[in-house]
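Raw contents of target.pdb, PDB, C-alpha atoms:
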```pdb
ATOM      1  CA  MET R 193     -89.066 131.563  -6.879  1.00  0.00           C
ATOM      2  CA  PHE R 194     -86.660 131.865  -3.965  1.00  0.00           C
ATOM      3  CA  TYR R 195     -83.460 132.892  -5.741  1.00  0.00           C
ATOM      4  CA  SER R 196     -85.040 135.824  -7.587  1.00  0.00           C
ATOM      5  CA  LEU R 197     -86.617 136.925  -4.305  1.00  0.00           C
ATOM      6  CA  ALA R 198     -83.384 136.495  -2.346  1.00  0.00           C
ATOM      7  CA  VAL R 199     -81.110 138.145  -4.923  1.00  0.00           C
ATOM      8  CA  SER R 200     -83.500 141.096  -5.096  1.00  0.00           C
ATOM      9  CA  ASP R 201     -83.132 141.545  -1.332  1.00  0.00           C
ATOM     10  CA  ALA R 202     -79.367 140.914  -1.408  1.00  0.00           C
ATOM     11  CA  GLN R 203     -78.703 142.789  -4.650  1.00  0.00           C
ATOM     12  CA  THR R 204     -75.899 144.942  -3.267  1.00  0.00           C
ATOM     13  CA  PRO R 205     -73.816 142.156  -1.663  1.00  0.00           C
ATOM     14  CA  TYR R 206     -74.605 139.895  -4.631  1.00  0.00           C
ATOM     15  CA  GLN R 207     -73.226 142.404  -7.151  1.00  0.00           C
ATOM     16  CA  MET R 208     -70.273 143.115  -4.871  1.00  0.00           C
ATOM     17  CA  CYS R 209     -69.428 139.399  -4.904  1.00  0.00           C
ATOM     18  CA  LEU R 210     -69.595 139.179  -8.685  1.00  0.00           C
ATOM     19  CA  THR R 211     -67.362 142.223  -9.239  1.00  0.00           C
ATOM     20  CA  HIS R 212     -65.167 142.026  -6.154  1.00  0.00           C
ATOM     21  CA  PRO R 213     -61.463 142.938  -6.645  1.00  0.00           C
ATOM     22  CA  PHE R 214     -60.540 139.549  -5.173  1.00  0.00           C
ATOM     23  CA  VAL R 215     -62.532 137.774  -7.895  1.00  0.00           C
ATOM     24  CA  THR R 216     -61.250 140.119 -10.592  1.00  0.00           C
ATOM     25  CA  GLN R 217     -57.645 139.583  -9.550  1.00  0.00           C
ATOM     26  CA  VAL R 218     -58.081 135.806  -9.551  1.00  0.00           C
ATOM     27  CA  LYS R 219     -59.545 136.010 -13.067  1.00  0.00           C
ATOM     28  CA  GLU R 220     -56.637 138.195 -14.213  1.00  0.00           C
ATOM     29  CA  SER R 221     -54.056 136.057 -12.352  1.00  0.00           C
ATOM     30  CA  THR R 222     -52.826 139.190 -10.560  1.00  0.00           C
ATOM     31  CA  LEU R 223     -53.844 138.194  -7.021  1.00  0.00           C
ATOM     32  CA  PRO R 224     -50.674 137.651  -4.945  1.00  0.00           C
ATOM     33  CA  LYS R 225     -50.309 133.964  -4.218  1.00  0.00           C
ATOM     34  CA  VAL R 226     -49.800 134.664  -0.531  1.00  0.00           C
ATOM     35  CA  SER R 227     -53.253 136.303  -0.470  1.00  0.00           C
ATOM     36  CA  PHE R 228     -54.799 133.282  -2.178  1.00  0.00           C
ATOM     37  CA  ALA R 229     -53.104 131.025   0.364  1.00  0.00           C
ATOM     38  CA  TYR R 230     -54.592 133.131   3.178  1.00  0.00           C
ATOM     39  CA  TYR R 231     -58.039 132.860   1.596  1.00  0.00           C
ATOM     40  CA  LEU R 232     -57.733 129.073   1.240  1.00  0.00           C
ATOM     41  CA  ARG R 233     -56.590 128.579   4.839  1.00  0.00           C
ATOM     42  CA  GLN R 234     -59.612 130.554   6.072  1.00  0.00           C
ATOM     43  CA  ASP R 235     -61.887 128.690   3.649  1.00  0.00           C
ATOM     44  CA  GLN R 236     -60.614 125.388   5.039  1.00  0.00           C
ATOM     45  CA  GLU R 237     -61.866 126.451   8.470  1.00  0.00           C
ATOM     46  CA  TYR R 238     -65.185 127.663   7.084  1.00  0.00           C
ATOM     47  CA  LEU R 239     -65.806 124.449   5.130  1.00  0.00           C
ATOM     48  CA  LYS R 240     -64.940 122.322   8.161  1.00  0.00           C
ATOM     49  CA  HIS R 241     -67.778 123.988  10.072  1.00  0.00           C
ATOM     50  CA  TYR R 242     -70.043 124.012   7.002  1.00  0.00           C
ATOM     51  CA  VAL R 243     -69.786 120.210   6.974  1.00  0.00           C
ATOM     52  CA  ILE R 244     -70.294 119.994  10.754  1.00  0.00           C
ATOM     53  CA  CYS R 245     -73.473 122.063  10.408  1.00  0.00           C
ATOM     54  CA  LEU R 246     -74.685 119.781   7.626  1.00  0.00           C
ATOM     55  CA  GLN R 247     -74.017 116.702   9.763  1.00  0.00           C
ATOM     56  CA  LYS R 248     -75.777 118.177  12.815  1.00  0.00           C
ATOM     57  CA  TRP R 249     -78.702 119.310  10.688  1.00  0.00           C
ATOM     58  CA  GLN R 250     -79.005 115.880   9.067  1.00  0.00           C
ATOM     59  CA  GLN R 251     -79.577 114.303  12.490  1.00  0.00           C
ATOM     60  CA  SER R 252     -82.794 116.315  12.926  1.00  0.00           C
ATOM     61  CA  LEU R 253     -84.118 115.843   9.375  1.00  0.00           C
ATOM     62  CA  PRO R 254     -86.593 113.166   8.241  1.00  0.00           C
ATOM     63  CA  LYS R 255     -84.671 110.298   6.626  1.00  0.00           C
ATOM     64  CA  LYS R 256     -85.991 111.042   3.150  1.00  0.00           C
ATOM     65  CA  TYR R 257     -83.810 114.176   3.124  1.00  0.00           C
ATOM     66  CA  HIS R 258     -80.570 112.523   4.255  1.00  0.00           C
ATOM     67  CA  GLY R 259     -79.389 111.702   0.735  1.00  0.00           C
ATOM     68  CA  PHE R 260     -78.993 115.264  -0.478  1.00  0.00           C
ATOM     69  CA  ILE R 261     -77.082 116.173   2.698  1.00  0.00           C
ATOM     70  CA  ASP R 262     -74.703 113.281   1.994  1.00  0.00           C
ATOM     71  CA  ASP R 263     -74.285 114.637  -1.550  1.00  0.00           C
ATOM     72  CA  MET R 264     -73.483 118.149  -0.277  1.00  0.00           C
ATOM     73  CA  ILE R 265     -70.879 116.805   2.140  1.00  0.00           C
ATOM     74  CA  LEU R 266     -69.364 114.541  -0.513  1.00  0.00           C
ATOM     75  CA  GLU R 267     -69.014 117.440  -2.938  1.00  0.00           C
ATOM     76  CA  VAL R 268     -67.081 119.471  -0.380  1.00  0.00           C
ATOM     77  CA  LYS R 269     -64.807 116.577   0.532  1.00  0.00           C
ATOM     78  CA  GLU R 270     -64.151 115.286  -2.995  1.00  0.00           C
ATOM     79  CA  LYS R 271     -63.736 118.641  -4.725  1.00  0.00           C
ATOM     80  CA  GLU R 272     -62.990 121.635  -2.537  1.00  0.00           C
ATOM     81  CA  GLU R 273     -61.061 119.994   0.291  1.00  0.00           C
ATOM     82  CA  ILE R 274     -58.850 118.031  -2.098  1.00  0.00           C
ATOM     83  CA  PHE R 275     -58.110 121.153  -4.145  1.00  0.00           C
ATOM     84  CA  GLN R 276     -57.348 123.189  -1.011  1.00  0.00           C
ATOM     85  CA  ARG R 277     -54.840 120.700   0.360  1.00  0.00           C
ATOM     86  CA  ARG R 278     -52.985 120.385  -2.926  1.00  0.00           C
ATOM     87  CA  ALA R 279     -53.060 124.123  -3.685  1.00  0.00           C
ATOM     88  CA  LEU R 280     -51.742 124.994  -0.231  1.00  0.00           C
ATOM     89  CA  SER R 281     -48.847 122.589  -0.726  1.00  0.00           C
ATOM     90  CA  GLU R 282     -47.863 124.604  -3.825  1.00  0.00           C
ATOM     91  CA  LEU R 283     -48.519 128.106  -2.466  1.00  0.00           C
ATOM     92  CA  PRO R 284     -46.440 130.160  -0.007  1.00  0.00           C
ATOM     93  CA  GLN R 285     -46.870 128.836   3.522  1.00  0.00           C
ATOM     94  CA  VAL R 286     -48.868 131.212   5.709  1.00  0.00           C
ATOM     95  CA  ASP R 287     -49.449 131.156   9.455  1.00  0.00           C
ATOM     96  CA  TYR R 288     -53.028 130.269  10.303  1.00  0.00           C
ATOM     97  CA  ILE R 289     -54.914 132.513  12.698  1.00  0.00           C
ATOM     98  CA  SER R 290     -58.707 132.408  12.601  1.00  0.00           C
ATOM     99  CA  ASP R 291     -59.789 135.676  11.036  1.00  0.00           C
ATOM    100  CA  PRO R 292     -62.686 137.526  12.718  1.00  0.00           C
ATOM    101  CA  ILE R 293     -64.522 137.489   9.384  1.00  0.00           C
ATOM    102  CA  THR R 294     -64.241 133.695   9.203  1.00  0.00           C
ATOM    103  CA  THR R 295     -65.480 133.447  12.780  1.00  0.00           C
ATOM    104  CA  ARG R 296     -68.403 135.760  11.994  1.00  0.00           C
ATOM    105  CA  TYR R 297     -69.482 133.652   9.016  1.00  0.00           C
ATOM    106  CA  ILE R 298     -69.222 130.392  10.973  1.00  0.00           C
ATOM    107  CA  GLU R 299     -71.222 131.884  13.855  1.00  0.00           C
ATOM    108  CA  HIS R 300     -73.993 132.802  11.408  1.00  0.00           C
ATOM    109  CA  LEU R 301     -74.231 129.166  10.262  1.00  0.00           C
ATOM    110  CA  TYR R 302     -74.495 127.931  13.839  1.00  0.00           C
ATOM    111  CA  ALA R 303     -77.036 130.628  14.722  1.00  0.00           C
ATOM    112  CA  SER R 304     -79.165 129.480  11.784  1.00  0.00           C
ATOM    113  CA  LEU R 305     -78.796 125.870  12.945  1.00  0.00           C
ATOM    114  CA  ALA R 306     -79.950 126.912  16.418  1.00  0.00           C
ATOM    115  CA  THR R 307     -83.295 128.110  15.039  1.00  0.00           C
ATOM    116  CA  ASN R 308     -84.219 124.427  14.521  1.00  0.00           C
ATOM    117  CA  ASN R 309     -86.123 125.617  11.454  1.00  0.00           C
ATOM    118  CA  HIS R 310     -85.176 123.476   8.438  1.00  0.00           C
ATOM    119  CA  ALA R 311     -86.063 126.217   5.951  1.00  0.00           C
ATOM    120  CA  TYR R 312     -83.924 128.852   7.677  1.00  0.00           C
ATOM    121  CA  ILE R 313     -80.989 126.481   8.047  1.00  0.00           C
ATOM    122  CA  TYR R 314     -81.109 125.520   4.374  1.00  0.00           C
ATOM    123  CA  ALA R 315     -81.435 129.141   3.218  1.00  0.00           C
ATOM    124  CA  SER R 316     -78.314 130.108   5.186  1.00  0.00           C
ATOM    125  CA  LEU R 317     -76.356 127.255   3.561  1.00  0.00           C
ATOM    126  CA  LEU R 318     -77.471 128.032  -0.001  1.00  0.00           C
ATOM    127  CA  ALA R 319     -75.699 131.367  -0.496  1.00  0.00           C
ATOM    128  CA  CYS R 320     -72.213 129.850  -0.638  1.00  0.00           C
ATOM    129  CA  PRO R 321     -72.771 127.316  -3.465  1.00  0.00           C
ATOM    130  CA  PHE R 322     -75.062 129.798  -5.254  1.00  0.00           C
ATOM    131  CA  ILE R 323     -72.533 132.640  -5.454  1.00  0.00           C
ATOM    132  CA  TYR R 324     -69.638 130.393  -6.467  1.00  0.00           C
ATOM    133  CA  GLN R 325     -71.693 128.850  -9.267  1.00  0.00           C
ATOM    134  CA  GLN R 326     -72.667 132.335 -10.423  1.00  0.00           C
ATOM    135  CA  LEU R 327     -69.047 133.463 -10.402  1.00  0.00           C
ATOM    136  CA  ALA R 328     -67.899 130.487 -12.451  1.00  0.00           C
ATOM    137  CA  GLN R 329     -70.786 130.501 -14.901  1.00  0.00           C
ATOM    138  CA  ASP R 330     -69.425 133.046 -17.376  1.00  0.00           C
ATOM    139  CA  VAL R 331     -65.704 132.624 -16.817  1.00  0.00           C
ATOM    140  CA  ARG R 332     -63.574 131.593 -19.795  1.00  0.00           C
ATOM    141  CA  LEU R 333     -61.070 129.260 -18.219  1.00  0.00           C
ATOM    142  CA  ASP R 334     -58.652 129.512 -21.138  1.00  0.00           C
ATOM    143  CA  THR R 335     -58.108 133.216 -20.392  1.00  0.00           C
ATOM    144  CA  ILE R 336     -56.845 132.576 -16.837  1.00  0.00           C
ATOM    145  CA  GLN R 337     -53.078 132.215 -16.913  1.00  0.00           C
ATOM    146  CA  GLU R 338     -52.404 130.971 -13.384  1.00  0.00           C
ATOM    147  CA  PRO R 339     -53.214 127.215 -13.294  1.00  0.00           C
ATOM    148  CA  LEU R 340     -54.339 127.214  -9.640  1.00  0.00           C
ATOM    149  CA  TYR R 341     -56.705 130.116 -10.213  1.00  0.00           C
ATOM    150  CA  ARG R 342     -58.074 128.492 -13.356  1.00  0.00           C
ATOM    151  CA  GLU R 343     -58.664 125.254 -11.458  1.00  0.00           C
ATOM    152  CA  TRP R 344     -60.362 127.126  -8.596  1.00  0.00           C
ATOM    153  CA  PHE R 345     -62.989 128.475 -10.996  1.00  0.00           C
ATOM    154  CA  SER R 346     -63.361 125.090 -12.682  1.00  0.00           C
ATOM    155  CA  LEU R 347     -64.453 123.554  -9.345  1.00  0.00           C
ATOM    156  CA  TYR R 348     -67.715 125.471  -9.570  1.00  0.00           C
ATOM    157  CA  GLN R 349     -68.469 125.349 -13.284  1.00  0.00           C
ATOM    158  CA  THR R 350     -71.361 123.117 -14.245  1.00  0.00           C
ATOM    159  CA  THR R 351     -73.738 122.956 -17.170  1.00  0.00           C
ATOM    160  CA  GLU R 352     -76.447 121.888 -14.706  1.00  0.00           C
ATOM    161  CA  ALA R 353     -76.428 125.037 -12.545  1.00  0.00           C
ATOM    162  CA  LYS R 354     -79.982 126.023 -13.459  1.00  0.00           C
ATOM    163  CA  GLN R 355     -81.382 122.542 -12.780  1.00  0.00           C
ATOM    164  CA  ILE R 356     -79.504 122.371  -9.467  1.00  0.00           C
ATOM    165  CA  GLN R 357     -80.911 125.718  -8.379  1.00  0.00           C
ATOM    166  CA  GLN R 358     -84.439 124.716  -9.369  1.00  0.00           C
ATOM    167  CA  LEU R 359     -84.083 121.574  -7.261  1.00  0.00           C
ATOM    168  CA  GLN R 360     -82.789 123.634  -4.334  1.00  0.00           C
ATOM    169  CA  GLU R 361     -85.744 126.014  -4.634  1.00  0.00           C
ATOM    170  CA  ALA R 362     -88.209 123.114  -4.675  1.00  0.00           C
ATOM    171  CA  ARG R 363     -86.548 121.586  -1.621  1.00  0.00           C
ATOM    172  CA  LEU R 364     -86.652 124.893   0.246  1.00  0.00           C
ATOM    173  CA  ALA R 365     -90.353 125.227  -0.584  1.00  0.00           C
ATOM    174  CA  ASP R 366     -90.869 121.757   0.935  1.00  0.00           C
ATOM    175  CA  PHE R 367     -89.100 122.853   4.108  1.00  0.00           C
ATOM    176  CA  CYS R 368     -91.225 126.004   4.273  1.00  0.00           C
ATOM    177  CA  GLN R 369     -94.340 123.862   4.056  1.00  0.00           C
ATOM    178  CA  LEU R 370     -92.962 121.543   6.744  1.00  0.00           C
ATOM    179  CA  GLU R 371     -92.193 124.476   9.038  1.00  0.00           C
ATOM    180  CA  GLN R 372     -95.293 126.492   8.065  1.00  0.00           C
ATOM    181  CA  CYS R 373     -93.179 129.513   7.188  1.00  0.00           C
ATOM    182  CA  THR R 374     -92.827 131.602   4.026  1.00  0.00           C
ATOM    183  CA  LEU R 375     -90.023 131.915   1.499  1.00  0.00           C
ATOM    184  CA  GLU R 376     -89.856 135.597   2.431  1.00  0.00           C
ATOM    185  CA  SER R 377     -88.990 134.671   6.014  1.00  0.00           C
ATOM    186  CA  CYS R 378     -85.990 132.659   4.734  1.00  0.00           C
ATOM    187  CA  VAL R 379     -84.482 135.571   2.832  1.00  0.00           C
ATOM    188  CA  PRO R 380     -82.660 137.253   5.788  1.00  0.00           C
ATOM    189  CA  TYR R 381     -80.703 134.039   6.441  1.00  0.00           C
ATOM    190  CA  PHE R 382     -79.586 133.878   2.816  1.00  0.00           C
ATOM    191  CA  THR R 383     -78.830 137.615   2.729  1.00  0.00           C
ATOM    192  CA  GLN R 384     -76.635 137.457   5.836  1.00  0.00           C
ATOM    193  CA  SER R 385     -74.633 134.633   4.264  1.00  0.00           C
ATOM    194  CA  MET R 386     -74.241 136.725   1.104  1.00  0.00           C
ATOM    195  CA  ILE R 387     -72.947 139.662   3.152  1.00  0.00           C
ATOM    196  CA  ASP R 388     -70.494 137.322   4.850  1.00  0.00           C
ATOM    197  CA  GLU R 389     -69.333 136.125   1.410  1.00  0.00           C
ATOM    198  CA  VAL R 390     -68.485 139.718   0.430  1.00  0.00           C
ATOM    199  CA  LEU R 391     -66.472 140.154   3.619  1.00  0.00           C
ATOM    200  CA  PHE R 392     -64.792 136.795   3.000  1.00  0.00           C
ATOM    201  CA  PHE R 393     -63.545 137.993  -0.401  1.00  0.00           C
ATOM    202  CA  ALA R 394     -62.352 141.274   1.096  1.00  0.00           C
ATOM    203  CA  MET R 395     -60.514 139.542   3.934  1.00  0.00           C
ATOM    204  CA  PRO R 396     -57.313 138.410   2.134  1.00  0.00           C
ATOM    205  CA  LEU R 397     -56.901 141.810   0.455  1.00  0.00           C
ATOM    206  CA  HIS R 398     -56.806 143.720   3.733  1.00  0.00           C
ATOM    207  CA  GLN R 399     -54.678 141.501   5.935  1.00  0.00           C
ATOM    208  CA  GLU R 400     -50.999 141.529   6.681  1.00  0.00           C
ATOM    209  CA  VAL R 401     -50.186 137.951   5.829  1.00  0.00           C
ATOM    210  CA  THR R 402     -47.293 136.308   7.662  1.00  0.00           C
ATOM    211  CA  VAL R 403     -45.295 133.977   5.448  1.00  0.00           C
TER     212      VAL R 403
END
```
When written as structure tokens, how does the structure in this file appear?
Amino acid sequence: MFYSLAVSDAQTPYQMCLTHPFVTQVKESTLPKVSFAYYLRQDQEYLKHYVICLQKWQQSLPKKYHGFIDDMILEVKEKEEIFQRRALSELPQVDYISDPITTRYIEHLYASLATNNHAYIYASLLACPFIYQQLAQDVRLDTIQEPLYREWFSLYQTTEAKQIQQLQEARLADFCQLEQCTLESCVPYFTQSMIDEVLFFAMPLHQEVTV
């Protein structure tokens, strides 16, 4: 299936995401709050364009696929965006300047959208929810002392992760059939998004953040 194929190709960035110092420090509640605020401000910008890409993509999709796009957008707006706004009101205020890494990731999403290939577009959008679900899967929330960091992980924890991923794989296979392309040809779009996720985690650890 697609995820085993894709993770095999993206093994290095995948493992780097799972063990990244940013993730480790959030788990241990040692990440400076100003760094978390910087991450969230950049993630706000990324998610804004993630939703725009979903909306633009939906316009070109057959109507039978519109429902799951609506669900993806709703999940961002009702979970992540709400958490971000509230968390940023509690964290140190940081100046927002679009980071080159954020810009790079967003440009990848739009480049995938420009292929007009439904399978490639979907594959590029799957890496983000996939890696965050993987990160949250084995986390013990009661061991995370900082409430905001504990809540951040809880956003992505679900007992239905395997079923969700199986549904995503089946949907991607449908798109491949529609576009007459292979799952293998979708992998580079997923892998690039995974690489961008690694850089996204590294970003707040290597920036001089202005408070």
Residues near Ile356 in chain R, cut-off 12 Å, only C-alpha atoms, skip fewer than 2 positions along chain, as number ranges by chain: R: 195, 260, 264, 318, 321-322, 325, 350-354, 358-363
Residues selected by the PyMOL selection byres ((chain R and resi 290) around 12), written as number ranges by chain: R: 230-238, 287-289, 291-298, 395, 399
Interatomic distance (Å, one decimal) between CA of Pro254 in chain R and CA of Leu197 in chain R: 26.9 Å
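CA of Asp263 in chain R is found 21.6 Å from CA of Leu370 in chain R.
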Long-range neighbours of Leu253 in chain R as a VMD selection string, 12 Å cut-off, only C-alpha atoms, 6 positions minimum in chain: chain R and resid 246 to 247 259 to 261 305 308 to 311 313 to 314 367 370 to 371
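When all atoms listed in the file are used to compute distances to Thr211 in chain R, the closest of the residues R:Ile323, R:Ala198, R:Gln355, R:Asp388 turns out to be R:Ile323.
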Output the residue selection produced by the PyMOL selection byres ((chain R and resi 397) around 10) on the file above, formatted as a PDB file with C-alpha atoms, in the frame of the given file.
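Contents of expr_5.pdb, freshly written:
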```pdb
ATOM      1  CA  PRO R 213     -61.463 142.938  -6.645  1.00  0.00           C
ATOM      2  CA  PHE R 214     -60.540 139.549  -5.173  1.00  0.00           C
ATOM      3  CA  LEU R 223     -53.844 138.194  -7.021  1.00  0.00           C
ATOM      4  CA  PRO R 224     -50.674 137.651  -4.945  1.00  0.00           C
ATOM      5  CA  SER R 227     -53.253 136.303  -0.470  1.00  0.00           C
ATOM      6  CA  PHE R 228     -54.799 133.282  -2.178  1.00  0.00           C
ATOM      7  CA  TYR R 230     -54.592 133.131   3.178  1.00  0.00           C
ATOM      8  CA  TYR R 231     -58.039 132.860   1.596  1.00  0.00           C
ATOM      9  CA  PHE R 392     -64.792 136.795   3.000  1.00  0.00           C
ATOM     10  CA  PHE R 393     -63.545 137.993  -0.401  1.00  0.00           C
ATOM     11  CA  ALA R 394     -62.352 141.274   1.096  1.00  0.00           C
ATOM     12  CA  MET R 395     -60.514 139.542   3.934  1.00  0.00           C
ATOM     13  CA  PRO R 396     -57.313 138.410   2.134  1.00  0.00           C
ATOM     14  CA  HIS R 398     -56.806 143.720   3.733  1.00  0.00           C
ATOM     15  CA  GLN R 399     -54.678 141.501   5.935  1.00  0.00           C
ATOM     16  CA  GLU R 400     -50.999 141.529   6.681  1.00  0.00           C
ATOM     17  CA  VAL R 401     -50.186 137.951   5.829  1.00  0.00           C
TER      18      VAL R 401
END
```
Please determine an axis-aligned box that encloses all atoms of range 259-274 of chain R listed in the file, with 6 Å added on each side, and express its centre and edge lengths in Å to one decimal as JSON.
```
{"center_x": -69.1, "center_y": 116.7, "center_z": -1.0, "size_x": 32.5, "size_y": 21.9, "size_z": 19.4}
```
Hits from the PyMOL selection byres ((chain R and resi 273) around 12), listed as a VMD selection string: chain R and resid 232 to 233 235 to 240 242 to 243 265 to 272 274 to 280 344 347
Residues within 12 Å of (-62.1, 129.1, -10.7), file coords, all atoms listed in the file, listed as number ranges by chain: R: 214-221, 228, 272, 275, 324-350
Point-to-point distance from CA of Phe382 in chain R to CA of Ser304 in chain R, Å rounded to tenths: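 CA of Ser304 in chain R lies 10.0 Å from CA of Phe382 in chain R.
Taking only C-alpha atoms into account, Thr374 in chain R lies nearest to R:Tyr312 out of the set R:Lys255, R:Thr222, R:Tyr312, R:Glu389.
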